[in-house]
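Contents: one structure, followed by commentary.
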Amino acid sequence: MLVTNKEILIKAQKAAYAIGAFNIQNLESLLAVVDAAAEERSPIIVAVTPGAIKYGGLNYLARLVKTAAETMPVPISLHLDHGEDVETVKKCLEAGFTSVMIDGSHLPIEENIALTRRIVDISHQKGVSVEGELGRLAGVEEKTVEERKAVLTDPREAEEFVKRTNVDALAISIGTSHGAYKFKGEPQLDFERLKQIRERVEVPLVLHGASSVPQWIIEKATKYGAELAGAKGIPEDHIRKAISLGITKINIDTDLRLAFTATVREVLMNSPKEFDPRKILGPAKEAMKEVVKAKMRLFGSSGKA
Ligand code: TD4
Ligand code: CA
Ligand code: ZN
């Protein structure tokens with residue numbers, strides 16, 4: 001069934017588990033994530049970025065997800081990930097999205113508040129949930145401790161942001177970043193900051209850039225020719241701790257991309273005579289599904305549908 005983020009996140013928040021938001025771009029990634037949800041009996045957020053929309057087409061992707069929601073026995077939310085402007089959000093509302101993120105995190109706070117407030121107004125009218133973002137994801141380019149701290153979410157600003165925008169969920173920055181290269185040294189998240197934000201903010205909190213970049217996937221991809229030296233993600237015990245401190249929605253994309261790539265490489269290398277796309281993409285889809293199922297168990301959402 002098609003649900004909003006708010007509905008499944010509030011339930012998760014009360015019971016102290018987290019819901020995964022998994023990015024899709026095509027039929028294979030969609031089937032991987034919804035089949036995983038059905039097998040784990042877990043609610044799921046299917047996330048679509050503007051980049052995915054450009055690649056797959058808004059209506060194609062929206063209809064795929066809605067078809068899954070009509071037929072699958074678990075709650076499925078169709079979510080715009082990192083929406084950047086009012087136009088994109090309006091198109092997603094028309095296409096039947098049940099949740100949108102507006103990412104004004106690069107803007108000065110007053111502009112971020114104004115943009116987010118506007119998105120909340122047009123989305124709530126349609127019963128659609130809104131996620132805002134405050135603080136930027138620390139990139140590898142922020143080298144010093146001071147530089148890293150400057151981009152992390154300020155707890156007082158978070159409180160003000162949520163009050164003034166009326167968002168349903170807040171994405172915060174505590175040291176994660178998108179992609180496969182999250183840390184040069186030891187992985188480090190600012191759990192103290194998370195605690196302080198949790199004390200001041202009641203809505204569900206969102207952790208972006210939460211892929212773990214599992215070593216076994218890196219090894220498999222590398223064995224079959226990928227170049228991924230230095231790839232590093234968020235250790236699973238950090239994820240568990242973040243959930244225990246109040247993270248309710250967790251975004252995963254990179255681990256799915258890595259599982260896909262490692263498996264496509266493996267099949268092509270081991271079966272050089274193969275040229276049926278289903279025989280190449282099928283195993284890659286299965287590999288993504290297994291990654292999603294493991295995340296659902298880690299997040300505690302398995303069996304909650
Ligand atoms: O929000 N996300 C997913 C970002 C996906 C970017 O997609 P485009 O290339 O289409 O812009 C995350 O927070 C994922 O975090 P991860 O740790 O998996 O990279
Ligand atoms: Ca951002
Ligand atoms: Zn993100």
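Please note that chains go A, B, ... in the order of the structure tokens, that every chain numbers its residues from 1, and that ligands are numbered from 1 in the order shown.
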
Find the residues around A:Arg297 up to 12 Å (only C-alpha atoms counted), leave out those fewer than 6 positions away in its own chain, and share them as a list in words. Tyr17, Ala18, Ile19, Gly20, Ala36, Ala37, Glu39, Glu40, Arg41, Ser42, Pro43, Glu236, Ile239, Arg240, Glu290, Val291, Gly303 and Lys304 of chain A

Do you know which residues are at most 12 Å from stretch 89-95 of chain A counting only C-alpha atoms, after dropping those on the same chain fewer than 3 positions away, and could you put them as a count of residues only? 46

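Interatomic distance, atom CA of A:Val264 to atom CA of A:Ala221: 9.0 Å.
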
Can you tell me which residues come within 8 Å of ligand 2 when counting only C-alpha atoms and all ligand atoms, ideally as a ChimeraX atom specification? /A:82,103-106,133-137

Mind dumping the selected residues with N, CA and C atoms as a JSON list (two decimals), in the first residue's frame?
```json
[["chain", "number", "residue", "atom", "x", "y", "z"],
["A", 82, "HIS", "N", 16.38, 14.92, -2.17],
["A", 82, "HIS", "CA", 17.14, 16.11, -2.57],
["A", 82, "HIS", "C", 16.47, 16.94, -3.65],
["A", 103, "ASP", "N", 15.85, 20.34, -0.34],
["A", 103, "ASP", "CA", 17.20, 20.50, 0.19],
["A", 103, "ASP", "C", 17.68, 21.93, 0.00],
["A", 104, "GLY", "N", 17.42, 22.75, 1.02],
["A", 104, "GLY", "CA", 17.88, 24.14, 0.99],
["A", 104, "GLY", "C", 19.11, 24.33, 1.84],
["A", 105, "SER", "N", 19.83, 23.22, 2.09],
["A", 105, "SER", "CA", 20.93, 23.26, 3.06],
["A", 105, "SER", "C", 22.10, 24.14, 2.61],
["A", 106, "HIS", "N", 22.20, 24.39, 1.31],
["A", 106, "HIS", "CA", 23.29, 25.23, 0.80],
["A", 106, "HIS", "C", 22.95, 26.71, 0.92],
["A", 133, "GLU", "N", 16.31, 20.02, 5.19],
["A", 133, "GLU", "CA", 17.70, 19.70, 5.56],
["A", 133, "GLU", "C", 18.41, 20.94, 6.10],
["A", 134, "LEU", "N", 19.11, 20.73, 7.19],
["A", 134, "LEU", "CA", 19.86, 21.82, 7.80],
["A", 134, "LEU", "C", 21.27, 21.33, 8.14],
["A", 135, "GLY", "N", 22.27, 22.07, 7.68],
["A", 135, "GLY", "CA", 23.66, 21.62, 7.82],
["A", 135, "GLY", "C", 24.02, 20.88, 6.55],
["A", 136, "ARG", "N", 25.28, 20.99, 6.15],
["A", 136, "ARG", "CA", 25.69, 20.30, 4.93],
["A", 136, "ARG", "C", 26.41, 19.01, 5.27],
["A", 137, "LEU", "N", 26.33, 18.04, 4.35],
["A", 137, "LEU", "CA", 27.05, 16.80, 4.57],
["A", 137, "LEU", "C", 28.54, 17.10, 4.46]]
```

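Restricting the atom set to only C-alpha atoms and all ligand atoms, one finds that the residues within 8 Å of ligand 3 amount to Asp81, His82, Ser177, His178, Leu207, His208, Gly209 and Asn251 of chain A.
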
Of A:Lys11, A:Lys54, A:Lys195, A:Lys279, the one sitting nearest ligand 1 when using only C-alpha atoms and all ligand atoms is A:Lys54

Per DSSP on the backbone, filter stretch 62-288 of chain A down to the residues in strand (DSSP E) and report them as a PyMOL selection string. chain A and resi 76-83+99-102+129-134+169-172+205-207+247-252

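Going from atom CA of A:Val167 over to atom CA of A:Met296, you cover 25.1 Å.
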
One-decimal distance in Å that lies between atom CA of A:Thr88 and atom 5 (C, counted along the ligand's line) of ligand 1: 15.9 Å

So which residues touch A:Thr222 within 12 Å, counting only C-alpha atoms, skipping near sequence neighbours fewer than 6 positions away, as a PDB file with C-alpha atoms, in the first residue's frame?
```
ATOM      1  CA  GLN A 215      34.554  -4.553   2.637  1.00  0.00           C
ATOM      2  CA  TRP A 216      33.337  -7.779   1.018  1.00  0.00           C
ATOM      3  CA  LEU A 228      37.943   1.584  -5.424  1.00  0.00           C
ATOM      4  CA  ALA A 229      41.044   2.108  -3.306  1.00  0.00           C
ATOM      5  CA  GLY A 230      40.338   4.118  -0.158  1.00  0.00           C
ATOM      6  CA  ALA A 231      36.573   3.508  -0.181  1.00  0.00           C
ATOM      7  CA  LEU A 258      28.463  -1.092  -5.298  1.00  0.00           C
ATOM      8  CA  ALA A 259      26.560  -4.400  -5.056  1.00  0.00           C
ATOM      9  CA  THR A 261      28.583  -3.038 -10.069  1.00  0.00           C
ATOM     10  CA  ALA A 262      30.455  -5.855  -8.330  1.00  0.00           C
ATOM     11  CA  THR A 263      27.918  -8.403  -9.563  1.00  0.00           C
ATOM     12  CA  ARG A 265      31.519  -7.305 -13.307  1.00  0.00           C
ATOM     13  CA  GLU A 266      31.534 -10.817 -11.830  1.00  0.00           C
TER      14      GLU A 266
END
```

Using only C-alpha atoms, which protein or nucleic acid residues come within 10 Å of A:Leu189? Drop anything in the same chain fewer than 5 positions from it, and give the result as a list in words. Ser173, Ile174, Gly175, Thr176, Leu194, Ile234, His238, Ile239 and Ala242 of chain A

Any chance you could export the current selection's all heavy atoms as a compact mmCIF listing (two decimals), in the first residue's frame?
```txt
# COMPACT_ATOMS: atom_id res chain seq x y z
N SER A 173 23.21 16.97 9.71
CA SER A 173 24.58 16.63 9.37
C SER A 173 25.38 16.41 10.65
O SER A 173 25.55 17.31 11.46
CB SER A 173 25.17 17.77 8.55
OG SER A 173 26.54 17.54 8.35
N ILE A 174 25.86 15.17 10.84
CA ILE A 174 26.68 14.84 12.01
C ILE A 174 28.00 14.18 11.59
O ILE A 174 28.64 13.50 12.37
CB ILE A 174 25.93 13.94 13.03
CG1 ILE A 174 25.41 12.66 12.37
CG2 ILE A 174 24.78 14.71 13.69
CD1 ILE A 174 24.93 11.60 13.37
N GLY A 175 28.36 14.38 10.32
CA GLY A 175 29.66 13.88 9.87
C GLY A 175 29.61 12.85 8.75
O GLY A 175 30.66 12.36 8.33
N THR A 176 28.41 12.53 8.27
CA THR A 176 28.34 11.61 7.13
C THR A 176 28.45 12.40 5.82
O THR A 176 28.34 13.63 5.81
CB THR A 176 27.00 10.84 7.11
OG1 THR A 176 25.92 11.77 6.94
CG2 THR A 176 26.79 10.06 8.40
N LEU A 194 24.08 14.85 17.83
CA LEU A 194 22.80 14.16 17.58
C LEU A 194 21.92 14.20 18.83
O LEU A 194 20.73 14.51 18.76
CB LEU A 194 23.07 12.72 17.11
CG LEU A 194 21.86 11.77 17.03
CD1 LEU A 194 20.75 12.33 16.14
CD2 LEU A 194 22.30 10.39 16.50
N ILE A 234 30.19 4.10 6.74
CA ILE A 234 29.80 4.21 8.15
C ILE A 234 29.70 2.80 8.73
O ILE A 234 28.88 2.01 8.28
CB ILE A 234 28.41 4.88 8.29
CG1 ILE A 234 28.30 6.14 7.41
CG2 ILE A 234 28.11 5.18 9.76
CD1 ILE A 234 29.14 7.30 7.84
N HIS A 238 28.03 2.12 14.29
CA HIS A 238 27.70 3.56 14.31
C HIS A 238 26.23 3.76 13.91
O HIS A 238 25.55 4.64 14.44
CB HIS A 238 28.58 4.35 13.33
CG HIS A 238 29.99 4.58 13.82
ND1 HIS A 238 30.75 3.60 14.42
CD2 HIS A 238 30.76 5.69 13.78
CE1 HIS A 238 31.93 4.10 14.73
NE2 HIS A 238 31.97 5.37 14.36
N ILE A 239 25.77 2.95 12.96
CA ILE A 239 24.37 3.04 12.53
C ILE A 239 23.44 2.65 13.68
O ILE A 239 22.47 3.34 13.98
CB ILE A 239 24.11 2.12 11.30
CG1 ILE A 239 24.94 2.60 10.10
CG2 ILE A 239 22.62 2.05 10.96
CD1 ILE A 239 24.55 3.94 9.51
N ALA A 242 23.38 5.43 16.17
CA ALA A 242 22.60 6.58 15.67
C ALA A 242 21.11 6.32 15.83
O ALA A 242 20.35 7.22 16.23
CB ALA A 242 22.95 6.86 14.20
```

Pick the closest to ligand 1 from A:Ser271, A:Asn166, A:Asn112, A:Thr254: which is it, counting only C-alpha atoms and all ligand atoms?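 Nearest candidate to ligand 1 out of A:Ser271, A:Asn166, A:Asn112, A:Thr254: A:Thr254.
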
Run DSSP on the backbone and grab whatever in stretch 46-78 of chain A lands in helix (DSSP H, G or I); send it over as a VMD selection string. chain A and resid 50 to 56 58 to 71

Keeping only N, CA and C atoms, take the residues you just selected and write them out as an mmCIF file, in the first residue's frame.
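Result file follows (selection13.cif):
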```cif
data_model
loop_
_atom_site.group_PDB
_atom_site.id
_atom_site.type_symbol
_atom_site.label_atom_id
_atom_site.label_comp_id
_atom_site.auth_asym_id
_atom_site.auth_seq_id
_atom_site.Cartn_x
_atom_site.Cartn_y
_atom_site.Cartn_z
ATOM 1 N N PRO A 50 16.368 14.026 -8.384
ATOM 2 C CA PRO A 50 16.236 14.716 -9.674
ATOM 3 C C PRO A 50 17.099 14.058 -10.759
ATOM 4 N N GLY A 51 18.270 13.560 -10.385
ATOM 5 C CA GLY A 51 19.134 12.864 -11.347
ATOM 6 C C GLY A 51 18.486 11.585 -11.858
ATOM 7 N N ALA A 52 17.812 10.859 -10.972
ATOM 8 C CA ALA A 52 17.108 9.631 -11.375
ATOM 9 C C ALA A 52 15.934 9.970 -12.288
ATOM 10 N N ILE A 53 15.263 11.083 -11.987
ATOM 11 C CA ILE A 53 14.138 11.530 -12.822
ATOM 12 C C ILE A 53 14.636 11.861 -14.230
ATOM 13 N N LYS A 54 15.777 12.511 -14.303
ATOM 14 C CA LYS A 54 16.358 12.853 -15.593
ATOM 15 C C LYS A 54 16.690 11.571 -16.374
ATOM 16 N N TYR A 55 17.148 10.566 -15.653
ATOM 17 C CA TYR A 55 17.554 9.311 -16.285
ATOM 18 C C TYR A 55 16.351 8.457 -16.691
ATOM 19 N N GLY A 56 15.404 8.286 -15.751
ATOM 20 C CA GLY A 56 14.327 7.314 -15.974
ATOM 21 C C GLY A 56 13.003 7.927 -16.381
ATOM 22 N N LEU A 58 10.114 11.013 -14.955
ATOM 23 C CA LEU A 58 9.304 11.128 -13.744
ATOM 24 C C LEU A 58 8.117 10.163 -13.752
ATOM 25 N N ASN A 59 7.360 10.157 -14.845
ATOM 26 C CA ASN A 59 6.149 9.328 -14.838
ATOM 27 C C ASN A 59 6.450 7.842 -14.928
ATOM 28 N N TYR A 60 7.495 7.475 -15.673
ATOM 29 C CA TYR A 60 7.870 6.059 -15.692
ATOM 30 C C TYR A 60 8.199 5.587 -14.277
ATOM 31 N N LEU A 61 9.058 6.336 -13.585
ATOM 32 C CA LEU A 61 9.491 5.905 -12.250
ATOM 33 C C LEU A 61 8.331 5.937 -11.261
ATOM 34 N N ALA A 62 7.523 7.016 -11.306
ATOM 35 C CA ALA A 62 6.404 7.124 -10.365
ATOM 36 C C ALA A 62 5.426 5.971 -10.579
ATOM 37 N N ARG A 63 5.146 5.636 -11.846
ATOM 38 C CA ARG A 63 4.203 4.549 -12.102
ATOM 39 C C ARG A 63 4.750 3.197 -11.676
ATOM 40 N N LEU A 64 6.047 3.004 -11.847
ATOM 41 C CA LEU A 64 6.660 1.751 -11.373
ATOM 42 C C LEU A 64 6.447 1.604 -9.871
ATOM 43 N N VAL A 65 6.724 2.686 -9.138
ATOM 44 C CA VAL A 65 6.631 2.606 -7.673
ATOM 45 C C VAL A 65 5.171 2.440 -7.247
ATOM 46 N N LYS A 66 4.272 3.158 -7.911
ATOM 47 C CA LYS A 66 2.856 3.038 -7.543
ATOM 48 C C LYS A 66 2.321 1.638 -7.859
ATOM 49 N N THR A 67 2.800 1.044 -8.942
ATOM 50 C CA THR A 67 2.403 -0.334 -9.264
ATOM 51 C C THR A 67 2.877 -1.283 -8.164
ATOM 52 N N ALA A 68 4.111 -1.067 -7.700
ATOM 53 C CA ALA A 68 4.630 -1.891 -6.597
ATOM 54 C C ALA A 68 3.764 -1.704 -5.356
ATOM 55 N N ALA A 69 3.418 -0.449 -5.066
ATOM 56 C CA ALA A 69 2.644 -0.161 -3.856
ATOM 57 C C ALA A 69 1.258 -0.807 -3.918
ATOM 58 N N GLU A 70 0.679 -0.876 -5.132
ATOM 59 C CA GLU A 70 -0.653 -1.484 -5.271
ATOM 60 C C GLU A 70 -0.614 -2.988 -5.062
ATOM 61 N N THR A 71 0.515 -3.599 -5.390
ATOM 62 C CA THR A 71 0.551 -5.063 -5.382
ATOM 63 C C THR A 71 1.304 -5.667 -4.194
#
```

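Proximity to A:Pro155 was assessed for A:Ser244, A:Gly185, A:Ala169, A:Glu199 counting only C-alpha atoms; the smallest distance is recorded for A:Glu199.
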
Env of A:Ala16: 10 Å cut, atoms = only C-alpha atoms, seq-sep filter 6 positions within chain, self excluded. Answer as a compact mmCIF listing (two decimals) with all heavy atoms, in the first residue's frame.
```txt
# COMPACT_ATOMS: atom_id res chain seq x y z
N LEU A 9 7.18 6.87 9.58
CA LEU A 9 8.27 7.36 10.44
C LEU A 9 7.81 7.60 11.87
O LEU A 9 8.55 7.33 12.83
CB LEU A 9 8.89 8.64 9.86
CG LEU A 9 9.70 8.44 8.56
CD1 LEU A 9 10.23 9.78 8.06
CD2 LEU A 9 10.84 7.45 8.77
N ILE A 10 6.60 8.10 12.05
CA ILE A 10 6.09 8.33 13.41
C ILE A 10 5.99 7.00 14.16
O ILE A 10 6.37 6.87 15.33
CB ILE A 10 4.72 9.05 13.38
CG1 ILE A 10 4.87 10.47 12.83
CG2 ILE A 10 4.05 9.06 14.75
CD1 ILE A 10 5.62 11.44 13.73
N ILE A 243 20.68 5.09 15.57
CA ILE A 243 19.25 4.76 15.74
C ILE A 243 18.87 4.85 17.22
O ILE A 243 17.84 5.42 17.57
CB ILE A 243 18.94 3.35 15.17
CG1 ILE A 243 19.19 3.31 13.65
CG2 ILE A 243 17.48 2.96 15.48
CD1 ILE A 243 19.16 1.91 13.04
N SER A 244 19.74 4.35 18.08
CA SER A 244 19.43 4.38 19.52
C SER A 244 19.37 5.81 20.03
O SER A 244 18.70 6.11 21.02
CB SER A 244 20.46 3.57 20.31
OG SER A 244 21.67 4.31 20.43
N LEU A 245 20.04 6.73 19.35
CA LEU A 245 20.03 8.14 19.78
C LEU A 245 18.97 8.96 19.04
O LEU A 245 18.91 10.18 19.19
CB LEU A 245 21.41 8.77 19.58
CG LEU A 245 22.52 8.19 20.46
CD1 LEU A 245 23.88 8.78 20.09
CD2 LEU A 245 22.24 8.44 21.94
N GLY A 246 18.15 8.32 18.22
CA GLY A 246 17.01 9.03 17.66
C GLY A 246 16.97 9.25 16.16
O GLY A 246 16.15 10.04 15.68
N ILE A 247 17.82 8.58 15.39
CA ILE A 247 17.68 8.64 13.92
C ILE A 247 16.56 7.67 13.50
O ILE A 247 16.54 6.51 13.92
CB ILE A 247 19.01 8.26 13.22
CG1 ILE A 247 20.06 9.34 13.42
CG2 ILE A 247 18.77 7.98 11.73
CD1 ILE A 247 19.81 10.66 12.68
N THR A 248 15.64 8.16 12.65
CA THR A 248 14.47 7.35 12.29
C THR A 248 14.41 7.02 10.80
O THR A 248 13.73 6.09 10.41
CB THR A 248 13.18 8.09 12.71
OG1 THR A 248 13.28 8.43 14.09
CG2 THR A 248 11.95 7.22 12.54
N PHE A 299 18.39 -2.04 10.69
CA PHE A 299 17.61 -0.87 11.11
C PHE A 299 16.46 -1.25 12.07
O PHE A 299 15.87 -0.38 12.69
CB PHE A 299 17.00 -0.16 9.90
CG PHE A 299 18.01 0.37 8.90
CD1 PHE A 299 17.60 0.79 7.64
CD2 PHE A 299 19.36 0.47 9.22
CE1 PHE A 299 18.53 1.28 6.71
CE2 PHE A 299 20.29 0.95 8.29
CZ PHE A 299 19.87 1.35 7.04
N GLY A 300 16.15 -2.55 12.13
CA GLY A 300 15.06 -3.00 13.01
C GLY A 300 13.68 -2.88 12.38
O GLY A 300 12.67 -3.02 13.07
N SER A 301 13.61 -2.63 11.07
CA SER A 301 12.29 -2.47 10.43
C SER A 301 11.72 -3.78 9.93
O SER A 301 10.54 -3.85 9.57
CB SER A 301 12.37 -1.46 9.27
OG SER A 301 13.14 -1.98 8.20
```

Minimum-distance residue to ligand 1, chosen among A:Lys184, A:Asp35, A:Pro214, A:Ile76 (using only C-alpha atoms and all ligand atoms): A:Pro214

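Nearest residue to A:Leu152, choosing from A:Phe191, A:Phe275, A:Phe260, A:Phe97 and counting only C-alpha atoms: A:Phe191.
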
Which residue out of A:Arg278, A:Lys232, A:Arg198, A:Arg164 has the minimum interatomic distance to ligand 1 when only C-alpha atoms and all ligand atoms are used?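 Comparing A:Arg278, A:Lys232, A:Arg198, A:Arg164 against ligand 1, the winner is A:Lys232.
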